[in-house]
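Report on the following structure.
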Amino acid sequence: MTAAAPAPTPTPTPSPTSSLLASDAYRRLPRWSTWAFASGSLVVAFLVLLVAGGGLPGVAGVVALGAALFVLSSGVTSRVVEGPRRAADRLATTLVTGAFLLALIPLVSLLLLVVTRGAGAFSWTFLTTDMLGIFGDMSEGGIQHAIVGTLLITAAAAAISVPVGLLTAIYLVEYGRGPLARGITFLVDVMTGIPSIVAGLFAFALFTLLLGPAFRAGIMGAVALALLMTPVVIRSVEEMLRLVPNELREAAYALGVPKWLTIIKVVLRTAVAGIVTGVMLSVARVIGETAPLLLTVGMVTRVNWDLFDGRMATLPVFAYRQYESGGAGIDRAWAAALTLILIVMILNLVARLISRWFAPRGAR
Amino acid sequence: MSKRIDVADLDVYYGDFLAVEGVTMAIEPRQATALIGPSGCGKSTFLRTLNRMHEVIPGARVTGKALMDGQDLYGADVDPVTVRRQIGMVFQRPNPFPTMSIADNVLAGVRLNNRRMPKDAQQDLIEQSLRGANLWNEVKDRLALPGSSLSGGQQQRLCIARAIAVKPQVLLMDEPCSALDPISTLAIEDLIAELKSDYTIVIVTHNMQQAARVSDRTAFFNIAGTGKPGRLIEMDDTATMFSSPREQATEDYISGRFG
């Protein structure tokens, strides 16, 4: 044997009495214990309900009883083994996670529902044809006209409300003092609460007054939506502008930069990522509005590219009308809803890309 | 490239509150003037009146005279923006623009004012300003990185480079080293010693050793009590101020008996 025997390592002699940090009373449950408790509670709940109810128990009941058992069993064990502080921590973690899962349920189930019900009628043809010549029980037809209408009207609404909202927010943050600014803030708050049907009626009345009762055009809907969108834009942009540190404004002033250039090139430039997000949220807020559009732009069966002449189809109104008509219309309504959700999702992704592109780089 | 500033009977108000009262002083060109005094005595407020940064705060106003080479800084036909181009400022906390690279931060005075400048002139200005701020050797290979990627002391020197890139006559510094470690502080103090051959420098500091090290003249501000206005107690050559001040209050403050 040539291998050298390992040198005897000196074993450190722990002094059992004088240790300042280590303590025998400190015990932790292993990491997997949470999962063990959770699965154990679910199994027990399943068995209890199986025996008590006779027959296979429902998922909701198992989960509810299992959650209660989990809180009880892990809480008691933790208190005995780990002490009251850890037990309280576990309880709080359980409650927070539980609330999160609870909030997730409606969201996920809604998405699942729309995807499963909408997938039936959803296809490329569905996206690229309109409803011209479709009637009765015919299952053909599509939503091209409604997609075009929704995008045009929402874009027009954004084109109206983003400049107005942006400038108002700049006024409130950079210039506004005294009663005028307070008044504007108050009115913006009031505007946030306007029911959408009131906005629709306002646009309807406005255009009737200006252009007569027979006038119908996409721009009417855009005005109604802009009315709903503007306060949201003002509020979110205002928040973002207030987040820009005053030191940056002062730094620009100290370089001899006039106020208006400071606002454009420093304040807006620094806040642009947040502004884009805020604008996207406000678009998402109005893109699904039905009532004001039903009232103002109505519905047609073919693509109308002209915002200033004639009725226009929009996705929410289309979904509403198709659902009302029943039969194949119900499938179309779900597919239109799915399309609307996809559009909002795509817009959100685009906004994220834009704000990532503009976000201040480096250490933050 | 440097001018003198004469201040006479200057009162500074925030709304109705008189913050600084009756300051009369002469700030000599090509010298560093230090403003010292306890917190809240109006040193920074007074400093900010010298380039009209004071009036950025709503309700703030000034009475009295402040002349730069005989021209009234507060004249009716004087644009505060023009004043600030002549009298640059460095702040307490380094504040490089977070959306801009190191090079763009130096060029900020040009870029933000939409002034056009040929590419090579820009490169010259960047190098010259960064050399002036003793930062060139540390950042010359990473000019395109964001300004916020630098350390605190480097960021502050970047802010100084940004301030001298607009070629001011006077440079105001509001506690430029209070957020920095001793080594960065030393770098900035060395820089001040170099800069004062070209610029008139006014520096507010809480650090009396710093005032003694970097300044030629020192002004001591004091405040009688809360809610009372700050006043200029005395001003003299730094050596005189730190060896034999005329006022008892100055001696007490400098020797650390209060404040």
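We name chains A, B, ... following the order of the structure tokens; residues begin at 1 in each chain, and ligands are numbered from 1 as shown.
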What are the residues of chain A lining chain B at 9 Å or less? Count only C-alpha atoms, and put the answer as a ChimeraX atom specification.
/A:177,247-248,250-259,261-262,265-266,269-270,358-364
Select from range 59-115 of chain B everything DSSP, run on the backbone, classes as strand (DSSP E), then give the selection as a PyMOL selection string.
chain B and resi 60-68+71-72+87-90
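For the choices A:Pro245, A:Gly200, A:Pro163, A:Gly212, the atom-to-atom distance to Pro231 in chain A is smallest for A:Pro163 when using only C-alpha atoms.
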So that I can check the surroundings of range 126-140 of chain B, please list as a PyMOL selection string every protein, DNA and RNA residue that reaches within 8 Å of it, counting only C-alpha atoms and ignoring chain neighbours fewer than 4 positions away.
chain B and resi 103+106-107+122+154+157-158+160-162+164-165+187+191+195
Quick one: of B:Tyr199, B:Tyr253, B:Phe220, B:Phe46, who's nearest to Ala60 in chain B, counting only C-alpha atoms?
B:Phe46
For CA of Ile197 in chain A and CA of Leu211 in chain A, quote the distance in Å rounded to one decimal.
20.7 Å
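Proximity to Val244 in chain A at 8 Å, evaluated using only C-alpha atoms and with sequence-adjacent residues fewer than 2 positions away removed, yields A:Met240, A:Leu241, A:Arg242, A:Asn246, A:Leu248, A:Val267, A:Thr270, A:Ala271.
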Please produce an output containing N, CA, C and O atoms for each residue in the selection, written as an mmCIF file, in the first residue's frame.
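File produced: out_30.cif:
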```cif
data_model
loop_
_atom_site.group_PDB
_atom_site.id
_atom_site.type_symbol
_atom_site.label_atom_id
_atom_site.label_comp_id
_atom_site.auth_asym_id
_atom_site.auth_seq_id
_atom_site.Cartn_x
_atom_site.Cartn_y
_atom_site.Cartn_z
ATOM 1 N N MET A 240 -45.995 59.426 -13.506
ATOM 2 C CA MET A 240 -44.665 59.162 -14.051
ATOM 3 C C MET A 240 -43.794 60.417 -14.018
ATOM 4 O O MET A 240 -42.608 60.354 -13.714
ATOM 5 N N LEU A 241 -44.395 61.581 -14.330
ATOM 6 C CA LEU A 241 -43.596 62.813 -14.339
ATOM 7 C C LEU A 241 -43.167 63.178 -12.926
ATOM 8 O O LEU A 241 -42.074 63.701 -12.716
ATOM 9 N N ARG A 242 -44.036 62.904 -11.956
ATOM 10 C CA ARG A 242 -43.654 63.222 -10.576
ATOM 11 C C ARG A 242 -42.521 62.338 -10.088
ATOM 12 O O ARG A 242 -41.828 62.689 -9.134
ATOM 13 N N ASN A 246 -36.234 65.735 -9.003
ATOM 14 C CA ASN A 246 -36.071 67.166 -9.220
ATOM 15 C C ASN A 246 -34.627 67.526 -9.525
ATOM 16 O O ASN A 246 -34.354 68.510 -10.206
ATOM 17 N N LEU A 248 -32.639 66.209 -11.504
ATOM 18 C CA LEU A 248 -32.345 66.202 -12.936
ATOM 19 C C LEU A 248 -32.801 67.496 -13.578
ATOM 20 O O LEU A 248 -32.121 68.049 -14.447
ATOM 21 N N VAL A 267 -37.149 65.610 -18.711
ATOM 22 C CA VAL A 267 -38.258 65.034 -17.942
ATOM 23 C C VAL A 267 -38.998 63.973 -18.754
ATOM 24 O O VAL A 267 -39.126 62.824 -18.318
ATOM 25 N N THR A 270 -36.777 60.955 -19.552
ATOM 26 C CA THR A 270 -36.544 60.055 -18.424
ATOM 27 C C THR A 270 -37.786 59.229 -18.121
ATOM 28 O O THR A 270 -37.698 58.084 -17.701
ATOM 29 N N ALA A 271 -38.966 59.831 -18.338
ATOM 30 C CA ALA A 271 -40.201 59.163 -17.932
ATOM 31 C C ALA A 271 -40.840 58.371 -19.063
ATOM 32 O O ALA A 271 -41.903 57.784 -18.864
#
```
Might you pull out every residue within 9 Å of range 201-211 of chain B, with only C-alpha atoms counted and same-chain residues fewer than 3 positions away left off, and present them as number ranges by chain?
B: 27-39, 43-44, 47, 170-178, 189, 192, 195-196, 214-218, 238, 254
As number ranges by chain, which residues of range 129-272 of chain A does DSSP assign to helix (DSSP H, G or I)?
A: 144-175, 178-192, 196-211, 218-243, 246-254, 259-272
Have a look at CA of Ser74 in chain A and CA of Val96 in chain A and let me know their distance in Å, one decimal.
15.4 Å
